[in-house]
>>> print(open('work_5.txt').read())   # compact mmCIF, N, CA and C atoms and all ligand atoms
# COMPACT_ATOMS: atom_id res chain seq x y z
N MET A 1 76.22 86.03 92.75
CA MET A 1 77.56 86.55 92.51
C MET A 1 77.79 86.63 91.01
N ASP A 2 78.20 87.81 90.58
CA ASP A 2 78.41 87.91 89.13
C ASP A 2 79.71 87.20 88.72
N ARG A 3 79.79 86.94 87.42
CA ARG A 3 80.89 86.12 86.89
C ARG A 3 82.27 86.74 87.16
N ARG A 4 82.36 88.07 87.02
CA ARG A 4 83.66 88.75 87.22
C ARG A 4 84.15 88.57 88.66
N ARG A 5 83.24 88.76 89.61
CA ARG A 5 83.60 88.59 91.03
C ARG A 5 84.03 87.16 91.32
N TRP A 6 83.30 86.22 90.72
CA TRP A 6 83.64 84.81 90.94
C TRP A 6 85.04 84.52 90.41
N MET A 7 85.36 85.07 89.22
CA MET A 7 86.69 84.84 88.62
C MET A 7 87.77 85.46 89.50
N LEU A 8 87.53 86.67 90.01
CA LEU A 8 88.53 87.31 90.88
C LEU A 8 88.76 86.49 92.14
N GLY A 9 87.67 85.97 92.70
CA GLY A 9 87.80 85.13 93.89
C GLY A 9 88.59 83.87 93.60
N ALA A 10 88.31 83.24 92.44
CA ALA A 10 89.02 82.01 92.09
C ALA A 10 90.50 82.28 91.86
N VAL A 11 90.82 83.36 91.16
CA VAL A 11 92.23 83.70 90.91
C VAL A 11 92.93 83.98 92.23
N SER A 12 92.27 84.72 93.11
CA SER A 12 92.85 85.03 94.41
C SER A 12 93.11 83.76 95.21
N PHE A 13 92.13 82.84 95.20
CA PHE A 13 92.28 81.59 95.93
C PHE A 13 93.45 80.78 95.37
N LEU A 14 93.51 80.66 94.04
CA LEU A 14 94.59 79.88 93.43
C LEU A 14 95.94 80.52 93.71
N GLY A 15 95.98 81.86 93.69
CA GLY A 15 97.23 82.56 94.00
C GLY A 15 97.68 82.25 95.42
N ALA A 16 96.75 82.26 96.35
CA ALA A 16 97.09 81.97 97.76
C ALA A 16 97.56 80.53 97.90
N VAL A 17 96.90 79.60 97.21
CA VAL A 17 97.28 78.20 97.30
C VAL A 17 98.67 77.99 96.73
N SER A 18 98.95 78.58 95.55
CA SER A 18 100.27 78.36 94.97
C SER A 18 101.34 79.09 95.76
N LEU A 19 101.03 80.27 96.32
CA LEU A 19 102.01 80.96 97.17
C LEU A 19 102.34 80.11 98.38
N GLN A 20 101.31 79.52 98.98
CA GLN A 20 101.54 78.64 100.13
C GLN A 20 102.42 77.47 99.72
N GLY A 21 102.17 76.91 98.53
CA GLY A 21 102.97 75.78 98.05
C GLY A 21 104.43 76.17 97.86
N ILE A 22 104.63 77.34 97.29
CA ILE A 22 106.01 77.81 97.08
C ILE A 22 106.68 78.05 98.43
N LEU A 23 105.96 78.73 99.34
CA LEU A 23 106.55 79.06 100.63
C LEU A 23 106.87 77.82 101.44
N GLY A 24 106.08 76.79 101.24
CA GLY A 24 106.36 75.56 101.96
C GLY A 24 107.70 74.95 101.61
N ARG A 25 108.21 75.30 100.44
CA ARG A 25 109.49 74.74 100.01
C ARG A 25 110.67 75.68 100.25
N VAL A 26 110.39 76.93 100.59
CA VAL A 26 111.48 77.88 100.85
C VAL A 26 111.65 77.98 102.36
N PRO A 27 112.75 77.50 102.93
CA PRO A 27 112.86 77.43 104.38
C PRO A 27 112.85 78.78 105.07
N TRP A 28 113.30 79.83 104.43
CA TRP A 28 113.45 81.10 105.12
C TRP A 28 112.24 82.02 104.93
N ALA A 29 111.25 81.62 104.16
CA ALA A 29 110.08 82.47 103.95
C ALA A 29 108.85 81.72 104.44
N ARG A 30 108.21 82.25 105.46
CA ARG A 30 107.04 81.58 106.00
C ARG A 30 105.90 82.58 106.17
N ALA A 31 104.70 82.11 105.98
CA ALA A 31 103.53 82.96 106.22
C ALA A 31 103.24 82.93 107.72
N ASP A 32 102.70 84.04 108.24
CA ASP A 32 102.47 84.15 109.69
C ASP A 32 101.09 83.68 110.10
N GLY A 33 100.34 83.03 109.23
CA GLY A 33 99.01 82.57 109.56
C GLY A 33 97.95 83.54 109.07
N GLN A 34 98.36 84.77 108.78
CA GLN A 34 97.42 85.76 108.23
C GLN A 34 97.80 86.08 106.79
N GLY A 35 98.69 85.28 106.22
CA GLY A 35 99.07 85.47 104.83
C GLY A 35 100.26 86.39 104.63
N THR A 36 100.79 86.95 105.71
CA THR A 36 101.94 87.84 105.58
C THR A 36 103.21 87.00 105.50
N VAL A 37 104.03 87.25 104.49
CA VAL A 37 105.28 86.51 104.35
C VAL A 37 106.35 87.17 105.20
N ILE A 38 106.98 86.38 106.04
CA ILE A 38 108.06 86.89 106.89
C ILE A 38 109.31 86.11 106.56
N HIS A 39 110.38 86.82 106.26
CA HIS A 39 111.66 86.19 105.92
C HIS A 39 112.50 86.01 107.18
N TRP A 40 112.90 84.77 107.44
CA TRP A 40 113.78 84.46 108.57
C TRP A 40 115.13 84.06 108.02
N PRO A 41 116.20 84.33 108.76
CA PRO A 41 117.52 83.91 108.25
C PRO A 41 117.62 82.38 108.23
N ALA A 42 118.18 81.86 107.14
CA ALA A 42 118.36 80.42 107.05
C ALA A 42 119.47 79.98 108.00
N ASP A 43 120.55 80.74 108.04
CA ASP A 43 121.69 80.44 108.91
C ASP A 43 122.36 81.76 109.27
N LEU A 44 122.24 82.17 110.53
CA LEU A 44 122.77 83.47 110.94
C LEU A 44 124.27 83.62 110.73
N SER A 45 124.98 82.49 110.74
CA SER A 45 126.43 82.57 110.58
C SER A 45 126.83 82.67 109.11
N LYS A 46 125.88 82.47 108.21
CA LYS A 46 126.19 82.55 106.76
C LYS A 46 125.07 83.28 106.04
N LEU A 47 124.91 84.56 106.33
CA LEU A 47 123.87 85.32 105.65
C LEU A 47 124.23 85.46 104.18
N GLN A 48 123.21 85.31 103.34
CA GLN A 48 123.44 85.34 101.90
C GLN A 48 122.42 86.23 101.21
N GLY A 49 122.80 86.75 100.06
CA GLY A 49 121.87 87.51 99.22
C GLY A 49 121.21 88.66 99.98
N LEU A 50 119.90 88.73 99.88
CA LEU A 50 119.15 89.81 100.53
C LEU A 50 119.24 89.76 102.04
N GLU A 51 119.58 88.60 102.60
CA GLU A 51 119.71 88.49 104.06
C GLU A 51 120.78 89.44 104.59
N VAL A 52 121.82 89.66 103.81
CA VAL A 52 122.98 90.43 104.27
C VAL A 52 122.58 91.84 104.72
N ASP A 53 121.65 92.47 104.02
CA ASP A 53 121.27 93.81 104.47
C ASP A 53 119.80 93.92 104.92
N HIS A 54 119.17 92.77 105.23
CA HIS A 54 117.79 92.85 105.72
C HIS A 54 117.55 92.16 107.06
N VAL A 55 118.31 91.16 107.40
CA VAL A 55 118.06 90.45 108.65
C VAL A 55 118.40 91.36 109.83
N PRO A 56 117.45 91.58 110.74
CA PRO A 56 117.77 92.37 111.93
C PRO A 56 118.69 91.57 112.86
N LEU A 57 119.83 92.15 113.17
CA LEU A 57 120.79 91.48 114.05
C LEU A 57 120.59 92.00 115.46
N ILE A 58 120.59 91.10 116.42
CA ILE A 58 120.29 91.45 117.81
C ILE A 58 121.51 91.10 118.65
N ARG A 59 122.01 92.07 119.38
CA ARG A 59 123.14 91.81 120.27
C ARG A 59 122.75 92.23 121.68
N VAL A 60 123.06 91.39 122.63
CA VAL A 60 122.71 91.65 124.03
C VAL A 60 123.91 92.24 124.74
N GLN A 61 123.68 93.33 125.47
CA GLN A 61 124.74 93.99 126.23
C GLN A 61 124.26 94.19 127.67
N PRO A 62 125.16 94.11 128.62
CA PRO A 62 124.75 94.42 130.00
C PRO A 62 124.38 95.90 130.10
N ALA A 63 123.50 96.21 131.04
CA ALA A 63 123.07 97.60 131.23
C ALA A 63 123.79 98.18 132.43
N GLY A 64 125.11 98.27 132.34
CA GLY A 64 125.89 98.83 133.44
C GLY A 64 125.77 97.97 134.68
N GLU A 65 125.53 98.62 135.81
CA GLU A 65 125.43 97.89 137.07
C GLU A 65 124.04 97.39 137.35
N ARG A 66 123.09 97.77 136.53
CA ARG A 66 121.70 97.35 136.73
C ARG A 66 121.52 95.92 136.24
N LYS A 67 121.42 95.00 137.16
CA LYS A 67 121.25 93.60 136.78
C LYS A 67 119.82 93.30 136.31
N ASP A 68 118.90 94.21 136.65
CA ASP A 68 117.51 93.98 136.26
C ASP A 68 117.21 94.50 134.85
N LEU A 69 118.20 95.12 134.22
CA LEU A 69 117.99 95.66 132.87
C LEU A 69 118.95 94.98 131.90
N VAL A 70 118.57 95.00 130.64
CA VAL A 70 119.43 94.47 129.59
C VAL A 70 119.29 95.39 128.37
N ASN A 71 120.40 95.66 127.73
CA ASN A 71 120.38 96.47 126.51
C ASN A 71 120.40 95.56 125.30
N LEU A 72 119.58 95.88 124.34
CA LEU A 72 119.60 95.18 123.06
C LEU A 72 120.07 96.16 122.00
N GLU A 73 121.11 95.78 121.30
CA GLU A 73 121.56 96.59 120.18
C GLU A 73 121.09 95.90 118.91
N ILE A 74 120.36 96.63 118.12
CA ILE A 74 119.74 96.05 116.93
C ILE A 74 120.16 96.86 115.71
N GLN A 75 120.54 96.15 114.68
CA GLN A 75 120.79 96.83 113.41
C GLN A 75 120.26 95.97 112.28
N VAL A 76 119.82 96.63 111.24
CA VAL A 76 119.25 95.91 110.10
C VAL A 76 120.36 95.61 109.11
N GLY A 77 120.77 94.36 109.13
CA GLY A 77 121.77 93.88 108.18
C GLY A 77 123.19 93.93 108.71
N GLN A 78 124.00 92.98 108.23
CA GLN A 78 125.44 93.05 108.50
C GLN A 78 125.98 94.30 107.81
N ARG A 79 125.51 94.52 106.60
CA ARG A 79 125.76 95.77 105.88
C ARG A 79 124.48 96.56 106.09
N LEU A 80 124.58 97.69 106.78
CA LEU A 80 123.38 98.45 107.13
C LEU A 80 122.51 98.71 105.91
N HIS A 81 121.24 98.46 106.07
CA HIS A 81 120.29 98.67 104.98
C HIS A 81 120.27 100.14 104.58
N GLU A 82 120.16 100.40 103.31
CA GLU A 82 120.09 101.80 102.87
C GLU A 82 118.78 102.44 103.32
N MET A 83 118.80 103.76 103.46
CA MET A 83 117.62 104.50 103.90
C MET A 83 117.38 105.68 102.95
N THR A 84 117.15 105.35 101.69
CA THR A 84 116.88 106.38 100.69
C THR A 84 115.37 106.50 100.49
N LEU A 85 114.96 107.51 99.79
CA LEU A 85 113.53 107.70 99.57
C LEU A 85 112.93 106.55 98.77
N LEU A 86 113.72 105.91 97.92
CA LEU A 86 113.20 104.84 97.07
C LEU A 86 113.29 103.46 97.72
N HIS A 87 114.21 103.30 98.66
CA HIS A 87 114.43 101.98 99.24
C HIS A 87 114.85 102.15 100.70
N ALA A 88 113.99 101.72 101.60
CA ALA A 88 114.28 101.96 103.02
C ALA A 88 113.53 100.99 103.92
N ILE A 89 114.00 100.90 105.14
CA ILE A 89 113.26 100.23 106.20
C ILE A 89 112.27 101.26 106.73
N HIS A 90 110.98 100.92 106.68
CA HIS A 90 109.96 101.89 107.06
C HIS A 90 109.41 101.69 108.46
N TRP A 91 109.62 100.50 109.02
CA TRP A 91 109.16 100.30 110.40
C TRP A 91 109.97 99.19 111.06
N VAL A 92 109.97 99.23 112.37
CA VAL A 92 110.62 98.19 113.17
C VAL A 92 109.71 97.88 114.35
N GLN A 93 109.63 96.61 114.68
CA GLN A 93 108.85 96.17 115.84
C GLN A 93 109.74 95.33 116.74
N LEU A 94 109.55 95.51 118.05
CA LEU A 94 110.24 94.68 119.03
C LEU A 94 109.19 93.88 119.79
N TRP A 95 109.35 92.56 119.80
CA TRP A 95 108.44 91.66 120.48
C TRP A 95 109.19 90.95 121.60
N VAL A 96 108.54 90.80 122.74
CA VAL A 96 109.10 90.03 123.85
C VAL A 96 108.05 89.00 124.25
N ASP A 97 108.43 87.74 124.18
CA ASP A 97 107.52 86.64 124.55
C ASP A 97 106.15 86.79 123.89
N GLU A 98 106.15 86.96 122.59
CA GLU A 98 104.91 87.02 121.79
C GLU A 98 104.09 88.30 121.99
N HIS A 99 104.64 89.30 122.71
CA HIS A 99 103.94 90.57 122.88
C HIS A 99 104.74 91.67 122.21
N LYS A 100 104.05 92.49 121.42
CA LYS A 100 104.74 93.61 120.80
C LYS A 100 104.92 94.69 121.85
N VAL A 101 106.17 95.05 122.14
CA VAL A 101 106.45 96.03 123.19
C VAL A 101 106.87 97.39 122.62
N SER A 102 107.24 97.42 121.35
CA SER A 102 107.63 98.69 120.77
C SER A 102 107.48 98.62 119.26
N GLN A 103 107.12 99.76 118.68
CA GLN A 103 107.04 99.86 117.23
C GLN A 103 107.39 101.28 116.84
N MET A 104 108.22 101.40 115.81
CA MET A 104 108.59 102.73 115.33
C MET A 104 108.35 102.81 113.83
N THR A 105 107.90 103.96 113.41
CA THR A 105 107.80 104.25 111.99
C THR A 105 109.00 105.12 111.64
N LEU A 106 109.68 104.77 110.57
CA LEU A 106 110.92 105.46 110.21
C LEU A 106 110.72 106.30 108.95
N THR A 107 111.35 107.42 108.94
CA THR A 107 111.32 108.28 107.76
C THR A 107 112.67 108.18 107.07
N PRO A 108 112.69 107.76 105.82
CA PRO A 108 113.98 107.63 105.12
C PRO A 108 114.68 108.98 105.01
N GLY A 109 115.96 108.89 104.83
CA GLY A 109 116.73 110.12 104.62
C GLY A 109 117.77 110.31 105.70
N ARG A 110 117.34 110.51 106.94
CA ARG A 110 118.30 110.82 108.00
C ARG A 110 118.48 109.70 109.01
N VAL A 111 117.54 108.79 109.10
CA VAL A 111 117.59 107.75 110.12
C VAL A 111 118.49 106.60 109.65
N VAL A 112 119.32 106.11 110.55
CA VAL A 112 120.14 104.93 110.28
C VAL A 112 119.45 103.75 110.95
N PRO A 113 119.30 102.60 110.29
CA PRO A 113 118.54 101.49 110.88
C PRO A 113 119.32 100.73 111.94
N LYS A 114 119.54 101.41 113.05
CA LYS A 114 120.33 100.87 114.15
C LYS A 114 119.81 101.50 115.44
N TRP A 115 119.47 100.66 116.44
CA TRP A 115 118.85 101.18 117.65
C TRP A 115 119.36 100.45 118.88
N ARG A 116 119.11 101.07 120.02
CA ARG A 116 119.35 100.39 121.30
C ARG A 116 118.06 100.47 122.11
N PHE A 117 117.62 99.32 122.57
CA PHE A 117 116.46 99.24 123.44
C PHE A 117 116.95 98.76 124.79
N THR A 118 116.38 99.28 125.84
CA THR A 118 116.67 98.77 127.18
C THR A 118 115.40 98.10 127.70
N LEU A 119 115.55 96.85 128.11
CA LEU A 119 114.41 96.09 128.60
C LEU A 119 114.61 95.73 130.06
N ARG A 120 113.50 95.63 130.76
CA ARG A 120 113.54 95.11 132.12
C ARG A 120 113.59 93.60 132.02
N ARG A 121 114.58 93.03 132.63
CA ARG A 121 114.74 91.57 132.56
C ARG A 121 113.72 90.90 133.49
N MET A 122 112.98 89.96 132.94
CA MET A 122 111.99 89.23 133.74
C MET A 122 112.19 87.75 133.47
N GLY A 123 113.22 87.20 134.06
CA GLY A 123 113.56 85.80 133.80
C GLY A 123 114.10 85.67 132.39
N SER A 124 113.96 84.51 131.80
CA SER A 124 114.42 84.36 130.42
C SER A 124 113.35 84.93 129.49
N MET A 125 113.80 85.54 128.42
CA MET A 125 112.88 86.19 127.49
C MET A 125 113.21 85.74 126.08
N ARG A 126 112.19 85.69 125.26
CA ARG A 126 112.40 85.47 123.84
C ARG A 126 112.12 86.79 123.13
N VAL A 127 113.15 87.31 122.52
CA VAL A 127 113.04 88.60 121.84
C VAL A 127 112.93 88.36 120.35
N MET A 128 112.03 89.08 119.69
CA MET A 128 111.93 89.01 118.24
C MET A 128 111.89 90.43 117.69
N VAL A 129 112.60 90.64 116.61
CA VAL A 129 112.59 91.93 115.93
C VAL A 129 112.07 91.70 114.52
N ARG A 130 111.16 92.54 114.11
CA ARG A 130 110.64 92.51 112.73
C ARG A 130 110.87 93.88 112.11
N VAL A 131 111.26 93.88 110.87
CA VAL A 131 111.42 95.15 110.15
C VAL A 131 110.73 95.04 108.80
N GLY A 132 110.30 96.17 108.29
CA GLY A 132 109.63 96.19 106.99
C GLY A 132 110.39 97.03 105.98
N CYS A 133 110.79 96.40 104.89
CA CYS A 133 111.47 97.10 103.79
C CYS A 133 110.42 97.34 102.70
N ASN A 134 110.43 98.53 102.15
CA ASN A 134 109.40 98.84 101.15
C ASN A 134 109.58 98.03 99.86
N ARG A 135 110.78 97.51 99.61
CA ARG A 135 110.98 96.72 98.39
C ARG A 135 111.04 95.22 98.64
N HIS A 136 111.52 94.82 99.81
CA HIS A 136 111.82 93.40 100.03
C HIS A 136 111.03 92.77 101.15
N GLY A 137 110.00 93.45 101.62
CA GLY A 137 109.07 92.84 102.55
C GLY A 137 109.54 92.81 104.00
N ILE A 138 108.98 91.86 104.73
CA ILE A 138 109.18 91.79 106.18
C ILE A 138 110.27 90.78 106.50
N TRP A 139 111.18 91.18 107.40
CA TRP A 139 112.30 90.33 107.82
C TRP A 139 112.29 90.25 109.33
N ALA A 140 112.70 89.10 109.85
CA ALA A 140 112.62 88.91 111.30
C ALA A 140 113.81 88.11 111.79
N ASN A 141 114.03 88.24 113.08
CA ASN A 141 115.05 87.45 113.75
C ASN A 141 114.64 87.36 115.21
N ARG A 142 115.15 86.36 115.89
CA ARG A 142 114.79 86.20 117.31
C ARG A 142 116.00 85.71 118.09
N LEU A 143 115.89 85.90 119.39
CA LEU A 143 116.99 85.53 120.26
C LEU A 143 116.46 85.27 121.66
N ALA A 144 116.96 84.25 122.30
CA ALA A 144 116.62 84.02 123.70
C ALA A 144 117.59 84.83 124.54
N VAL A 145 117.05 85.63 125.47
CA VAL A 145 117.87 86.52 126.29
C VAL A 145 117.83 86.06 127.73
FE FE B 201 115.40 96.29 101.10
>>> encode(input="work_5.txt", output="structure tokens", more="lines below")
Ligand SMILES: [Fe+2]
Amino acid sequence: MDRRRWMLGAVSFLGAVSLQGILGRVPWARADGQGTVIHWPADLSKLQGLEVDHVPLIRVQPAGERKDLVNLEIQVGQRLHEMTLLHAIHWVQLWVDEHKVSQMTLTPGRVVPKWRFTLRRMGSMRVMVRVGCNRHGIWANRLAV
């Protein structure tokens, strides 16, 4: 291994170690085991700073008379995240019980980061929503339904 490659590897390793150290002290930012940082809300009742327009909010609604279905209303942020060419939510994922059931790629400009999903209810479910902002990374929230 040449010296330059060794140095790059060492810098990369030290960067990962110090990032892990920093993340260990920040309660709302955790790595997912593959090195991806995911921001979780510290307290949903008191969103602060970047949380205000990045945390995906999940609201459960009945699906009319269909007891076997449930509607999820999801929006990115208490204050809807902007969707400009320079700063936007570029993707959203819906997970149910650790399985990704839906993923959308968004094009900034005309799309508003607000959706309704209808799910088939299968007992109690744990729903998680992840969104990706091109400037502020990945944000997530979860809810037992
Ligand atoms: Fe953002």
>>> atom_distance(input="work_5.txt", atom1="atom C of Lys100 (chain A)", atom2="CA of Pro113 (chain A)")
18.8 Å
>>> residues_around(input="work_5.txt", residues="Val112 (chain A)", least_positions_apart="2", cutoff="7 Å", atoms="only C-alpha atoms", output="ChimeraX atom specification")
/A:83,110,114
>>> residues_near_ligand(input="work_5.txt", ligand="ligand FE 201 (chain B)", cutoff="12 Å", atoms="only C-alpha atoms and all ligand atoms", output="PyMOL selection string")
chain A and resi 39+49-56+76-77+79-91+113+131-139
>>> write_last_selection(input="work_5.txt", atoms="N, CA and C atoms", output="CSV table (one decimal), in the coordinates of the input")
chain,number,residue,atom,x,y,z
A,39,HIS,N,110.4,86.8,106.3
A,39,HIS,CA,111.7,86.2,105.9
A,39,HIS,C,112.5,86.0,107.2
A,49,GLY,N,122.8,86.8,100.1
A,49,GLY,CA,121.9,87.5,99.2
A,49,GLY,C,121.2,88.7,100.0
A,50,LEU,N,119.9,88.7,99.9
A,50,LEU,CA,119.2,89.8,100.5
A,50,LEU,C,119.2,89.8,102.0
A,51,GLU,N,119.6,88.6,102.6
A,51,GLU,CA,119.7,88.5,104.1
A,51,GLU,C,120.8,89.4,104.6
A,52,VAL,N,121.8,89.7,103.8
A,52,VAL,CA,123.0,90.4,104.3
A,52,VAL,C,122.6,91.8,104.7
A,53,ASP,N,121.6,92.5,104.0
A,53,ASP,CA,121.3,93.8,104.5
A,53,ASP,C,119.8,93.9,104.9
A,54,HIS,N,119.2,92.8,105.2
A,54,HIS,CA,117.8,92.8,105.7
A,54,HIS,C,117.6,92.2,107.1
A,55,VAL,N,118.3,91.2,107.4
A,55,VAL,CA,118.1,90.4,108.6
A,55,VAL,C,118.4,91.4,109.8
A,56,PRO,N,117.4,91.6,110.7
A,56,PRO,CA,117.8,92.4,111.9
A,56,PRO,C,118.7,91.6,112.9
A,76,VAL,N,119.8,96.6,111.2
A,76,VAL,CA,119.2,95.9,110.1
A,76,VAL,C,120.4,95.6,109.1
A,77,GLY,N,120.8,94.4,109.1
A,77,GLY,CA,121.8,93.9,108.2
A,77,GLY,C,123.2,93.9,108.7
A,79,ARG,N,125.5,94.5,106.6
A,79,ARG,CA,125.8,95.8,105.9
A,79,ARG,C,124.5,96.6,106.1
A,80,LEU,N,124.6,97.7,106.8
A,80,LEU,CA,123.4,98.4,107.1
A,80,LEU,C,122.5,98.7,105.9
A,81,HIS,N,121.2,98.5,106.1
A,81,HIS,CA,120.3,98.7,105.0
A,81,HIS,C,120.3,100.1,104.6
A,82,GLU,N,120.2,100.4,103.3
A,82,GLU,CA,120.1,101.8,102.9
A,82,GLU,C,118.8,102.4,103.3
A,83,MET,N,118.8,103.8,103.5
A,83,MET,CA,117.6,104.5,103.9
A,83,MET,C,117.4,105.7,103.0
A,84,THR,N,117.2,105.4,101.7
A,84,THR,CA,116.9,106.4,100.7
A,84,THR,C,115.4,106.5,100.5
A,85,LEU,N,115.0,107.5,99.8
A,85,LEU,CA,113.5,107.7,99.6
A,85,LEU,C,112.9,106.6,98.8
A,86,LEU,N,113.7,105.9,97.9
A,86,LEU,CA,113.2,104.8,97.1
A,86,LEU,C,113.3,103.5,97.7
A,87,HIS,N,114.2,103.3,98.7
A,87,HIS,CA,114.4,102.0,99.2
A,87,HIS,C,114.8,102.2,100.7
A,88,ALA,N,114.0,101.7,101.6
A,88,ALA,CA,114.3,102.0,103.0
A,88,ALA,C,113.5,101.0,103.9
A,89,ILE,N,114.0,100.9,105.1
A,89,ILE,CA,113.3,100.2,106.2
A,89,ILE,C,112.3,101.3,106.7
A,90,HIS,N,111.0,100.9,106.7
A,90,HIS,CA,110.0,101.9,107.1
A,90,HIS,C,109.4,101.7,108.5
A,91,TRP,N,109.6,100.5,109.0
A,91,TRP,CA,109.2,100.3,110.4
A,91,TRP,C,110.0,99.2,111.1
A,113,PRO,N,119.3,102.6,110.3
A,113,PRO,CA,118.5,101.5,110.9
A,113,PRO,C,119.3,100.7,111.9
A,131,VAL,N,111.3,93.9,110.9
A,131,VAL,CA,111.4,95.2,110.2
A,131,VAL,C,110.7,95.0,108.8
A,132,GLY,N,110.3,96.2,108.3
A,132,GLY,CA,109.6,96.2,107.0
A,132,GLY,C,110.4,97.0,106.0
A,133,CYS,N,110.8,96.4,104.9
A,133,CYS,CA,111.5,97.1,103.8
A,133,CYS,C,110.4,97.3,102.7
A,134,ASN,N,110.4,98.5,102.2
A,134,ASN,CA,109.4,98.8,101.2
A,134,ASN,C,109.6,98.0,99.9
A,135,ARG,N,110.8,97.5,99.6
A,135,ARG,CA,111.0,96.7,98.4
A,135,ARG,C,111.0,95.2,98.6
A,136,HIS,N,111.5,94.8,99.8
A,136,HIS,CA,111.8,93.4,100.0
A,136,HIS,C,111.0,92.8,101.2
A,137,GLY,N,110.0,93.4,101.6
A,137,GLY,CA,109.1,92.8,102.6
A,137,GLY,C,109.5,92.8,104.0
A,138,ILE,N,109.0,91.9,104.7
A,138,ILE,CA,109.2,91.8,106.2
A,138,ILE,C,110.3,90.8,106.5
A,139,TRP,N,111.2,91.2,107.4
A,139,TRP,CA,112.3,90.3,107.8
A,139,TRP,C,112.3,90.2,109.3
>>> atom_distance(input="work_5.txt", atom1="CA of Trp95 (chain A)", atom2="CA of Ala42 (chain A)")
20.1 Å
>>> atom_distance(input="work_5.txt", atom1="atom N of Ile58 (chain A)", atom2="atom N of Trp40 (chain A)")
13.4 Å
>>> residues_around(input="work_5.txt", residues="region 67-69 of chain A", least_positions_apart="6", cutoff="7 Å", atoms="only N, CA and C atoms", output="NGL selection string")
:A and (61 or 118-122)
>>> residues_around(input="work_5.txt", residues="Pro62 (chain A)", least_positions_apart="6", cutoff="8 Å", atoms="all atoms listed in the file", output="PyMOL selection string")
chain A and resi 69-72
>>> closest_residue(input="work_5.txt", among="A:Ile74, A:Val37, A:Met104, A:Leu44", to="Phe117 (chain A)", atoms="all atoms listed in the file")
A:Ile74
>>> closest_residue(input="work_5.txt", among="A:Val60, A:Asp43, A:Ile38, A:Leu106", to="Leu143 (chain A)", atoms="only C-alpha atoms")
A:Val60
>>> closest_residue(input="work_5.txt", among="A:Thr107, A:Gln48, A:Ser102, A:Glu65", to="Gln78 (chain A)", atoms="only C-alpha atoms")
A:Gln48
>>> closest_residue(input="work_5.txt", among="A:Arg66, A:Glu73, A:Val101, A:Lys46", to="Arg116 (chain A)", atoms="only N, CA and C atoms")
A:Glu73
